[in-house]
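Heads up, coords06.txt below (compact mmCIF, C-alpha atoms and all ligand atoms):
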# COMPACT_ATOMS: atom_id res chain seq x y z
CA MET A 61 0.44 -62.70 -53.86
CA ALA A 62 -2.21 -61.55 -56.32
CA LYS A 63 -5.05 -59.46 -54.95
CA ILE A 64 -8.23 -61.33 -54.13
CA ARG A 65 -10.75 -60.70 -56.85
CA ILE A 66 -14.31 -59.79 -55.96
CA GLY A 67 -16.57 -60.44 -58.89
CA PRO A 68 -16.84 -62.76 -61.85
CA ASP A 69 -13.11 -63.50 -62.10
CA ASP A 70 -12.98 -64.85 -58.55
CA VAL A 71 -12.84 -68.66 -58.62
CA LEU A 72 -15.68 -68.74 -56.08
CA SER A 73 -17.93 -67.01 -58.61
CA MET A 74 -17.12 -69.36 -61.50
CA THR A 75 -19.24 -72.17 -62.89
CA VAL A 76 -17.75 -75.59 -63.62
CA GLU A 77 -17.35 -74.66 -67.30
CA GLU A 78 -15.56 -71.43 -66.43
CA LEU A 79 -13.22 -73.25 -64.06
CA GLU A 80 -12.53 -75.84 -66.77
CA ARG A 81 -11.55 -73.07 -69.17
CA LEU A 82 -9.39 -71.45 -66.50
CA MET A 83 -7.55 -74.72 -65.83
CA GLU A 84 -6.99 -75.20 -69.56
CA ARG A 85 -5.50 -71.71 -69.79
CA GLU A 86 -3.19 -72.79 -66.99
CA GLY A 87 -2.05 -75.73 -69.14
CA GLN A 88 -3.91 -78.22 -66.96
CA PRO A 89 -6.31 -80.97 -68.00
CA ARG A 90 -9.91 -79.84 -68.18
CA PHE A 91 -11.14 -82.16 -65.44
CA ARG A 92 -9.22 -80.13 -62.88
CA GLY A 93 -11.95 -77.49 -63.26
CA ALA A 94 -14.72 -79.81 -62.09
CA GLN A 95 -12.41 -81.08 -59.39
CA LEU A 96 -11.84 -77.57 -58.11
CA PHE A 97 -15.58 -76.82 -58.18
CA GLU A 98 -16.26 -79.93 -56.16
CA TRP A 99 -13.65 -79.15 -53.56
CA LEU A 100 -14.86 -75.56 -53.26
CA TRP A 101 -18.56 -76.29 -52.95
CA ARG A 102 -19.03 -79.89 -51.87
CA HIS A 103 -16.16 -80.00 -49.40
CA GLY A 104 -16.03 -76.27 -48.61
CA ILE A 105 -12.23 -76.01 -48.57
CA GLY A 106 -10.63 -72.84 -47.22
CA SER A 107 -7.45 -73.01 -49.33
CA TYR A 108 -5.90 -74.89 -52.27
CA GLU A 109 -3.71 -76.70 -49.76
CA GLU A 110 -6.75 -78.75 -48.80
CA ILE A 111 -7.01 -80.43 -52.21
CA PRO A 112 -5.09 -83.64 -51.57
CA VAL A 113 -5.53 -84.94 -55.12
CA TRP A 114 -3.60 -81.99 -56.59
CA PRO A 115 0.19 -81.91 -56.95
CA LYS A 116 1.83 -79.39 -54.66
CA PRO A 117 3.18 -77.11 -57.42
CA LEU A 118 -0.35 -76.70 -58.80
CA ARG A 119 -1.73 -75.85 -55.38
CA GLN A 120 1.02 -73.27 -54.93
CA ARG A 121 0.55 -71.74 -58.36
CA MET A 122 -3.23 -71.43 -57.91
CA ALA A 123 -2.79 -69.85 -54.47
CA GLN A 124 -0.43 -67.36 -56.08
CA GLU A 125 -2.54 -66.56 -59.14
CA TYR A 126 -6.12 -67.12 -58.01
CA PRO A 127 -6.32 -66.53 -54.28
CA PHE A 128 -9.83 -66.68 -52.83
CA HIS A 129 -11.38 -65.51 -49.60
CA ARG A 130 -13.99 -67.54 -47.81
CA LEU A 131 -16.42 -65.63 -45.63
CA ARG A 132 -15.04 -65.16 -42.17
CA LEU A 133 -17.25 -65.38 -39.11
CA VAL A 134 -17.27 -62.17 -37.11
CA GLU A 135 -20.14 -62.94 -34.79
CA SER A 136 -22.87 -65.51 -34.39
CA GLN A 137 -26.01 -65.42 -32.26
CA ARG A 138 -28.24 -68.40 -31.64
CA ALA A 139 -31.80 -68.13 -30.35
CA HIS A 140 -33.57 -70.79 -28.27
CA ASP A 141 -35.51 -72.04 -31.28
CA GLY A 142 -32.26 -72.75 -33.17
CA THR A 143 -32.42 -69.66 -35.39
CA THR A 144 -28.86 -68.50 -35.89
CA LYS A 145 -27.69 -65.17 -37.19
CA LEU A 146 -24.23 -64.97 -38.69
CA LEU A 147 -22.26 -61.80 -39.31
CA LEU A 148 -19.73 -62.64 -42.03
CA GLU A 149 -16.83 -60.65 -43.39
CA MET A 150 -15.86 -60.46 -47.06
CA ALA A 151 -12.45 -59.87 -48.63
CA ASP A 152 -12.79 -56.08 -48.54
CA LYS A 153 -13.94 -56.18 -44.88
CA GLN A 154 -17.54 -55.37 -45.78
CA ARG A 155 -19.92 -57.43 -43.71
CA VAL A 156 -22.98 -59.37 -44.59
CA GLU A 157 -25.66 -61.06 -42.51
CA THR A 158 -26.96 -64.55 -43.06
CA VAL A 159 -29.63 -66.31 -41.01
CA LEU A 160 -30.26 -70.02 -40.48
CA LEU A 161 -33.88 -70.86 -39.76
CA PRO A 162 -35.18 -74.18 -38.40
CA HIS A 163 -38.29 -75.78 -39.91
CA ARG A 164 -40.01 -79.15 -39.78
CA PHE A 165 -38.32 -80.09 -43.06
CA GLY A 166 -34.86 -79.04 -41.88
CA TYR A 167 -33.06 -75.73 -42.19
CA SER A 168 -33.37 -72.85 -44.59
CA VAL A 169 -30.76 -70.16 -44.97
CA CYS A 170 -31.69 -66.57 -45.66
CA ILE A 171 -28.90 -64.90 -47.63
CA SER A 172 -28.11 -61.31 -48.58
CA SER A 173 -27.58 -60.19 -52.17
CA GLN A 174 -26.12 -56.70 -51.71
CA VAL A 175 -24.43 -54.61 -49.05
CA GLY A 176 -27.29 -52.20 -48.32
CA CYS A 177 -30.09 -51.62 -50.80
CA ALA A 178 -30.96 -48.87 -53.27
CA MET A 179 -34.73 -49.36 -53.26
CA GLY A 180 -35.53 -47.14 -50.27
CA CYS A 181 -38.64 -48.90 -48.94
CA LYS A 182 -40.07 -46.84 -46.12
CA PHE A 183 -40.33 -49.67 -43.57
CA CYS A 184 -37.01 -51.44 -44.09
CA ALA A 185 -33.72 -51.22 -42.23
CA SER A 186 -31.59 -52.55 -45.09
CA GLY A 187 -31.94 -49.50 -47.28
CA LEU A 188 -31.16 -46.88 -44.65
CA LYS A 189 -27.64 -46.33 -45.93
CA GLY A 190 -28.39 -46.91 -49.60
CA ARG A 191 -26.61 -49.50 -51.71
CA VAL A 192 -22.96 -49.85 -50.74
CA ARG A 193 -22.01 -52.58 -53.21
CA GLN A 194 -23.19 -55.64 -55.05
CA LEU A 195 -22.34 -59.09 -53.76
CA SER A 196 -20.63 -61.43 -56.19
CA ALA A 197 -22.12 -64.81 -57.05
CA GLY A 198 -19.40 -66.42 -54.94
CA GLU A 199 -20.23 -64.27 -51.93
CA MET A 200 -23.86 -65.34 -52.18
CA ALA A 201 -22.98 -69.01 -52.61
CA ASP A 202 -20.50 -68.83 -49.77
CA GLN A 203 -23.26 -67.77 -47.37
CA VAL A 204 -25.02 -71.05 -48.16
CA SER A 205 -21.78 -72.95 -47.79
CA PHE A 206 -21.11 -71.27 -44.46
CA GLY A 207 -24.60 -72.29 -43.37
CA ASN A 208 -23.73 -75.90 -44.17
CA HIS A 209 -20.53 -75.55 -42.22
CA VAL A 210 -22.41 -74.34 -39.11
CA LEU A 211 -25.15 -76.96 -39.51
CA ALA A 212 -22.65 -79.81 -39.82
CA GLU A 213 -22.26 -79.53 -36.02
CA ARG A 214 -25.99 -80.20 -35.72
CA GLN A 215 -25.81 -83.12 -38.19
CA ALA A 216 -27.88 -81.04 -40.62
CA ARG A 217 -27.55 -79.33 -43.98
CA VAL A 218 -29.19 -76.38 -45.69
CA SER A 219 -32.20 -77.71 -47.58
CA ARG A 220 -33.70 -74.43 -48.78
CA VAL A 221 -32.33 -71.02 -49.63
CA ASP A 222 -34.21 -67.74 -49.41
CA VAL A 223 -32.59 -64.80 -51.17
CA MET A 224 -34.42 -62.54 -48.77
CA GLY A 225 -31.77 -60.93 -46.62
CA ILE A 226 -30.20 -57.53 -47.21
CA GLY A 227 -30.50 -56.16 -50.73
CA GLU A 228 -32.66 -56.43 -53.82
CA PRO A 229 -31.52 -59.56 -55.68
CA LEU A 230 -33.02 -58.49 -59.00
CA ASP A 231 -30.98 -55.28 -58.81
CA ASN A 232 -27.94 -57.60 -58.94
CA LEU A 233 -29.30 -59.83 -61.66
CA GLU A 234 -26.15 -61.07 -63.34
CA ALA A 235 -24.55 -62.22 -60.10
CA LEU A 236 -27.86 -63.70 -58.96
CA MET A 237 -28.19 -65.83 -62.11
CA GLN A 238 -24.62 -67.03 -61.70
CA PHE A 239 -25.27 -67.79 -58.01
CA LEU A 240 -28.31 -69.90 -58.93
CA GLU A 241 -26.14 -71.99 -61.20
CA LEU A 242 -23.47 -72.46 -58.52
CA ALA A 243 -25.98 -73.44 -55.84
CA HIS A 244 -27.86 -75.81 -58.16
CA HIS A 245 -24.94 -77.72 -59.65
CA SER A 246 -24.91 -81.39 -58.73
CA GLN A 247 -21.15 -81.39 -58.14
CA GLY A 248 -21.56 -78.63 -55.58
CA MET A 249 -24.36 -77.85 -53.16
CA ASN A 250 -26.91 -79.57 -55.37
CA LEU A 251 -29.97 -77.52 -54.41
CA SER A 252 -33.01 -77.84 -56.61
CA TYR A 253 -34.32 -74.59 -58.08
CA ARG A 254 -37.68 -75.10 -56.45
CA HIS A 255 -35.95 -75.03 -53.07
CA ILE A 256 -34.51 -71.59 -53.77
CA THR A 257 -36.79 -68.58 -53.26
CA VAL A 258 -35.94 -65.20 -54.70
CA SER A 259 -37.74 -62.28 -53.09
CA THR A 260 -38.14 -59.03 -54.98
CA SER A 261 -39.65 -55.62 -54.45
CA GLY A 262 -40.92 -55.92 -58.02
CA LEU A 263 -38.39 -55.16 -60.78
CA VAL A 264 -40.61 -56.18 -63.66
CA PRO A 265 -38.09 -56.65 -66.53
CA ALA A 266 -35.86 -58.70 -64.23
CA ILE A 267 -38.81 -60.92 -63.25
CA LYS A 268 -39.31 -61.55 -66.98
CA HIS A 269 -35.64 -62.43 -67.35
CA LEU A 270 -35.86 -64.86 -64.44
CA ALA A 271 -39.07 -66.41 -65.81
CA ASP A 272 -37.40 -67.04 -69.18
CA SER A 273 -34.09 -68.23 -67.73
CA GLY A 274 -34.92 -71.91 -67.42
CA LYS A 275 -34.18 -71.73 -63.69
CA PRO A 276 -37.60 -72.24 -62.11
CA VAL A 277 -36.90 -70.84 -58.65
CA THR A 278 -39.74 -69.90 -56.35
CA LEU A 279 -40.63 -66.23 -56.72
CA ALA A 280 -41.77 -64.09 -53.81
CA VAL A 281 -43.05 -60.63 -54.66
CA SER A 282 -43.08 -58.05 -51.87
CA LEU A 283 -46.41 -56.43 -52.51
CA HIS A 284 -47.33 -54.77 -49.19
CA ALA A 285 -50.18 -52.73 -50.66
CA PRO A 286 -53.14 -53.48 -52.97
CA ASN A 287 -53.25 -50.16 -54.84
CA ASP A 288 -50.70 -47.89 -56.48
CA ALA A 289 -51.16 -44.85 -54.24
CA LEU A 290 -50.53 -46.78 -51.04
CA ARG A 291 -47.77 -48.88 -52.54
CA LEU A 292 -45.99 -45.82 -53.87
CA SER A 293 -46.08 -44.23 -50.43
CA LEU A 294 -44.26 -47.29 -49.04
CA MET A 295 -42.13 -48.44 -51.96
CA PRO A 296 -40.59 -45.94 -54.41
CA VAL A 297 -40.06 -48.79 -56.92
CA ASN A 298 -43.80 -48.66 -57.60
CA ARG A 299 -43.25 -45.48 -59.64
CA ALA A 300 -41.20 -47.34 -62.24
CA TYR A 301 -43.21 -50.57 -62.06
CA PRO A 302 -46.81 -50.00 -60.98
CA LEU A 303 -49.27 -52.78 -60.20
CA ASP A 304 -50.69 -53.01 -63.72
CA GLN A 305 -47.22 -54.23 -64.78
CA LEU A 306 -46.24 -56.13 -61.64
CA ILE A 307 -49.32 -58.32 -61.26
CA PRO A 308 -49.46 -59.48 -64.92
CA MET A 309 -45.72 -60.20 -64.78
CA SER A 310 -46.16 -62.25 -61.60
CA ARG A 311 -48.88 -64.18 -63.38
CA TYR A 312 -46.57 -64.66 -66.36
CA TYR A 313 -43.91 -66.02 -63.98
CA ALA A 314 -46.37 -68.55 -62.57
CA GLU A 315 -47.49 -69.66 -66.02
CA LYS A 316 -44.00 -69.87 -67.50
CA THR A 317 -42.42 -71.79 -64.63
CA GLY A 318 -45.40 -73.72 -63.29
CA ARG A 319 -44.42 -72.46 -59.84
CA ARG A 320 -46.86 -70.86 -57.44
CA VAL A 321 -45.94 -67.23 -56.77
CA THR A 322 -45.97 -65.91 -53.21
CA PHE A 323 -47.00 -62.35 -52.45
CA GLU A 324 -45.48 -61.04 -49.27
CA TYR A 325 -47.60 -58.53 -47.43
CA LEU A 326 -46.13 -56.72 -44.47
CA LEU A 327 -48.81 -55.54 -42.06
CA LEU A 328 -48.42 -52.00 -40.74
CA LYS A 329 -50.98 -50.83 -38.21
CA ASP A 330 -53.64 -48.54 -39.70
CA VAL A 331 -51.57 -48.10 -42.87
CA ASN A 332 -52.28 -51.18 -44.98
CA ASP A 333 -54.00 -53.62 -42.60
CA GLY A 334 -57.68 -52.59 -42.88
CA GLU A 335 -60.64 -54.56 -44.20
CA LYS A 336 -60.70 -52.32 -47.27
CA GLU A 337 -57.13 -53.28 -48.21
CA ALA A 338 -57.80 -56.96 -47.57
CA HIS A 339 -60.73 -56.92 -50.01
CA GLU A 340 -58.73 -54.93 -52.54
CA LEU A 341 -55.92 -57.47 -52.29
CA GLY A 342 -58.35 -60.34 -52.77
CA ARG A 343 -59.70 -58.74 -55.94
CA LEU A 344 -56.22 -57.84 -57.21
CA ILE A 345 -54.60 -61.25 -57.05
CA GLY A 346 -57.49 -63.72 -56.89
CA GLY A 347 -57.76 -66.32 -59.60
CA PHE A 348 -54.22 -67.35 -60.46
CA GLY A 349 -53.32 -69.63 -57.62
CA ALA A 350 -50.98 -67.24 -55.86
CA HIS A 351 -50.18 -67.56 -52.18
CA VAL A 352 -50.14 -64.70 -49.68
CA ASN A 353 -47.71 -64.62 -46.78
CA LEU A 354 -48.59 -62.02 -44.16
CA ILE A 355 -45.52 -60.68 -42.42
CA PRO A 356 -45.67 -59.10 -39.00
CA TRP A 357 -43.53 -55.95 -39.17
CA ASN A 358 -40.37 -55.93 -37.08
CA PRO A 359 -40.04 -52.42 -35.72
CA VAL A 360 -37.17 -50.34 -37.08
CA ALA A 361 -36.41 -47.35 -34.86
CA GLU A 362 -35.84 -45.00 -37.79
CA HIS A 363 -39.27 -45.68 -39.29
CA PRO A 364 -42.54 -44.37 -37.79
CA PHE A 365 -44.80 -47.44 -38.17
CA GLN A 366 -46.39 -49.80 -35.65
CA PRO A 367 -46.84 -53.54 -36.18
CA SER A 368 -50.47 -54.61 -36.72
CA PRO A 369 -52.18 -56.07 -33.68
CA LYS A 370 -52.79 -59.83 -33.90
CA ALA A 371 -56.55 -59.29 -34.28
CA HIS A 372 -56.00 -57.15 -37.41
CA VAL A 373 -53.66 -59.78 -38.83
CA ARG A 374 -56.24 -62.56 -38.37
CA ARG A 375 -59.06 -60.44 -39.76
CA PHE A 376 -56.93 -59.59 -42.79
CA GLN A 377 -56.10 -63.25 -43.31
CA SER A 378 -59.69 -64.43 -43.19
CA ILE A 379 -60.86 -61.78 -45.68
CA VAL A 380 -58.12 -62.73 -48.15
CA GLN A 381 -59.07 -66.39 -47.74
CA GLU A 382 -62.68 -65.56 -48.67
CA TYR A 383 -61.33 -64.91 -52.17
CA GLY A 384 -60.10 -68.49 -52.40
CA ILE A 385 -56.49 -67.40 -51.89
CA SER A 386 -54.23 -69.45 -49.64
CA CYS A 387 -52.93 -67.10 -46.99
CA THR A 388 -50.55 -67.79 -44.12
CA ILE A 389 -49.03 -65.71 -41.37
CA ARG A 390 -45.25 -65.86 -41.20
CA ARG A 391 -43.94 -67.60 -38.13
CA GLU A 392 -41.75 -65.30 -36.11
CA LEU A 393 -38.46 -67.03 -35.49
CA GLY A 394 -35.48 -65.99 -33.47
CA GLN A 395 -37.18 -62.95 -32.06
CA GLU A 396 -34.77 -62.40 -29.23
CA ILE A 397 -31.89 -62.00 -31.67
CA ASP A 398 -33.67 -59.76 -34.19
CA ALA A 399 -33.13 -62.38 -36.85
CA ALA A 400 -36.21 -62.27 -39.02
CA CYS A 401 -35.43 -61.86 -42.68
CA GLY A 402 -35.85 -58.33 -43.88
CA GLN A 403 -34.77 -56.95 -40.59
CA LEU A 404 -31.15 -57.75 -41.10
CA ARG A 405 -29.05 -54.76 -40.36
CA LEU A 406 -25.57 -53.74 -41.30
CA ARG A 407 -23.66 -53.22 -38.15
CA GLU A 408 -20.26 -51.91 -39.14
CA GLU A 409 -20.79 -49.05 -36.76
CA GLU A 410 -23.01 -50.73 -34.24
CA PRO A 411 -21.48 -53.73 -32.47
CA VAL A 412 -23.77 -56.75 -32.36
CA SER A 413 -25.03 -57.09 -28.81
CA PRO A 414 -24.25 -60.42 -27.18
N1 LIG B 501 -35.35 -56.79 -51.50
C1 LIG B 501 -36.13 -57.94 -51.52
C2 LIG B 501 -35.62 -59.04 -50.60
C3 LIG B 501 -35.13 -58.59 -49.26
S1 LIG B 501 -36.34 -57.94 -48.16
C4 LIG B 501 -37.58 -57.62 -51.23
O1 LIG B 501 -37.87 -56.50 -50.86
O2 LIG B 501 -38.40 -58.52 -51.43
C5 LIG B 501 -37.22 -59.42 -47.71
C6 LIG B 501 -38.62 -59.17 -47.16
O3 LIG B 501 -38.57 -58.56 -45.86
C7 LIG B 501 -39.44 -58.24 -48.02
O4 LIG B 501 -40.75 -58.73 -48.18
C8 LIG B 501 -39.44 -56.98 -47.20
O5 LIG B 501 -40.51 -56.15 -47.53
C9 LIG B 501 -39.50 -57.51 -45.80
N2 LIG B 501 -39.14 -56.54 -44.77
C10 LIG B 501 -38.42 -55.43 -44.89
N3 LIG B 501 -38.34 -54.78 -43.71
C11 LIG B 501 -39.02 -55.52 -42.83
C12 LIG B 501 -39.31 -55.37 -41.44
N4 LIG B 501 -38.86 -54.36 -40.73
N5 LIG B 501 -40.05 -56.33 -40.84
C13 LIG B 501 -40.49 -57.41 -41.54
N6 LIG B 501 -40.25 -57.61 -42.84
C14 LIG B 501 -39.54 -56.66 -43.48
FE1 LIG B 502 -34.46 -53.19 -50.33
FE2 LIG B 502 -36.19 -55.22 -49.96
FE3 LIG B 502 -35.58 -53.50 -47.95
FE4 LIG B 502 -37.05 -52.66 -50.00
S1 LIG B 502 -37.61 -54.24 -48.51
S2 LIG B 502 -35.30 -51.54 -49.07
S3 LIG B 502 -36.13 -53.76 -51.69
S4 LIG B 502 -34.20 -54.93 -48.95

For the file at hand, write its structure as structure tokens.
Amino acid sequence: MAKIRIGPDDVLSMTVEELERLMEREGQPRFRGAQLFEWLWRHGIGSYEEIPVWPKPLRQRMAQEYPFHRLRLVESQRAHDGTTKLLLEMADKQRVETVLLPHRFGYSVCISSQVGCAMGCKFCASGLKGRVRQLSAGEMADQVSFGNHVLAERQARVSRVDVMGIGEPLDNLEALMQFLELAHHSQGMNLSYRHITVSTSGLVPAIKHLADSGKPVTLAVSLHAPNDALRLSLMPVNRAYPLDQLIPMSRYYAEKTGRRVTFEYLLLKDVNDGEKEAHELGRLIGGFGAHVNLIPWNPVAEHPFQPSPKAHVRRFQSIVQEYGISCTIRRELGQEIDAACGQLRLREEEPVSP
């Protein structure tokens, strides 16, 4: 049997048009491509054998020539509030974490975009081992599909996707763009772009690319500090893309797509949570309709910070609001299973505790 491909020539990473071309190369009618896409993403099949409308020889030939691997569940943990963390294994045995989060509107799924992360933010667990590898578009889409599979038991479906798990999605731009197309397509999971949020540490040229792509996803920018000196001490990416590039580009994104940009702001006790920083933030981003989401920090043993006390968080929020900026505090979900986005950890060496 042919080796399972990880990357753009894996059928799970192909768009309808690419599958149509592949089927034509195989001497098949074009419509088989759309059929395959539909069976992969609407029905979530695990093998070609599950396509009843295909003749057996075709199923056998495809299994031989284009084998695919669906994510395999290694471990799942469910918290009382319904938050569910999934540890999923890819074809090369690398593992990825995906989290299902309950909301009033239904469920969102928080997916990973890389194994590890190269950005080295000083408060984050995902970057501790650096970037191990990129995820393919299919591996990203399959996390959403797996979420649907789990939610089917609860008579629910994924209604929003946050690309906010392990990794920096804009450091894997090509696969991300392909993933957006797969997730959006009406013959597949049919998610609207506005229901997909891409979170970035601030790769400015990639934000421009996304803004001009015609895929108006919701953009979340991890800001975490209102001035360059403080931001640089927390996020090395600020050296390449300082605030005088990042803020205008975020504004450009909002104007180009008509979508409100969210700034994420992690609160670290006595580091970035003072009144001074709140005022600075208000002045920095006031006036273009952006939203601020304050994130309580989930402690990471390897990093020296403390989460901000609740009183600091509320004070920070009310100062930001004085600038006419809408500002919310992120709900903490699934605390007993460590499931909050951004705190996902690779656990190849550490077993997941029951
Ligand atoms: N790389 C992207 C997306 C993944 S991180 C980004 O940085 O935006 C998703 C969010 O979780 C980011 O805002 C990140 O700063 C935040 N985060 C990282 N570590 C965290 C922690 N320990 N507690 C809470 N949020 C954290
Ligand atoms: Fe990477 Fe985001 Fe973590 Fe920074 S916060 S190390 S960009 S995953």

**Prompt:** What's the 9 Å shell around Thr75 in chain A, counting only C-alpha atoms, without same-chain residues fewer than 2 positions away, as a PyMOL selection string?
**Reply:** chain A and resi 71-73+77-80+94+97+238-239+241-242+245

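Considering the residues A:Pro369, A:Pro229, A:Pro265, A:Gly318 and counting only C-alpha atoms and all ligand atoms, ligand LIG 502 (chain B) has its shortest atom-to-atom contact with A:Pro229.
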
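Of the residues under consideration (A:Glu199, A:Asp141, A:Glu315, A:Glu125), A:Glu199 shows the shortest atom-to-atom contact distance to Met74 in chain A when counting only C-alpha atoms.
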
Mind working out the centre and edge lengths of an axis-aligned box for ligand LIG 501 (chain B), all listed atoms inside, 3 Å added to each side, rounded to one decimal in Å and written as lines of an AutoDock Vina configuration file?
center_x = -37.9
center_y = -56.9
center_z = -46.1
size_x = 11.6
size_y = 11.1
size_z = 16.8

**Within 7 Å of ligand LIG 501 (chain B) (all atoms listed in the file), residues as a PyMOL selection string** = chain A and resi 183-185+223-229+259-261+280-282+324-326+355-360+400-403

Would you pick out the contacts of Ile105 in chain A at 12 Å or less, using all atoms listed in the file, so that residues sharing its chain but fewer than 3 positions from it are not included, and give the list as a PDB file with C-alpha atoms, in the coordinates of the input?
ATOM      1  CA  LEU A  72     -15.680 -68.740 -56.080  1.00  0.00           C
ATOM      2  CA  GLN A  95     -12.410 -81.080 -59.390  1.00  0.00           C
ATOM      3  CA  LEU A  96     -11.840 -77.570 -58.110  1.00  0.00           C
ATOM      4  CA  PHE A  97     -15.580 -76.820 -58.180  1.00  0.00           C
ATOM      5  CA  GLU A  98     -16.260 -79.930 -56.160  1.00  0.00           C
ATOM      6  CA  TRP A  99     -13.650 -79.150 -53.560  1.00  0.00           C
ATOM      7  CA  LEU A 100     -14.860 -75.560 -53.260  1.00  0.00           C
ATOM      8  CA  TRP A 101     -18.560 -76.290 -52.950  1.00  0.00           C
ATOM      9  CA  ARG A 102     -19.030 -79.890 -51.870  1.00  0.00           C
ATOM     10  CA  TYR A 108      -5.900 -74.890 -52.270  1.00  0.00           C
ATOM     11  CA  GLU A 109      -3.710 -76.700 -49.760  1.00  0.00           C
ATOM     12  CA  GLU A 110      -6.750 -78.750 -48.800  1.00  0.00           C
ATOM     13  CA  ILE A 111      -7.010 -80.430 -52.210  1.00  0.00           C
ATOM     14  CA  PRO A 112      -5.090 -83.640 -51.570  1.00  0.00           C
ATOM     15  CA  PHE A 128      -9.830 -66.680 -52.830  1.00  0.00           C
ATOM     16  CA  HIS A 129     -11.380 -65.510 -49.600  1.00  0.00           C
ATOM     17  CA  ARG A 130     -13.990 -67.540 -47.810  1.00  0.00           C
ATOM     18  CA  LEU A 131     -16.420 -65.630 -45.630  1.00  0.00           C
ATOM     19  CA  ASP A 202     -20.500 -68.830 -49.770  1.00  0.00           C
ATOM     20  CA  SER A 205     -21.780 -72.950 -47.790  1.00  0.00           C
ATOM     21  CA  PHE A 206     -21.110 -71.270 -44.460  1.00  0.00           C
ATOM     22  CA  HIS A 209     -20.530 -75.550 -42.220  1.00  0.00           C
ATOM     23  CA  GLY A 248     -21.560 -78.630 -55.580  1.00  0.00           C
TER      24      GLY A 248
END
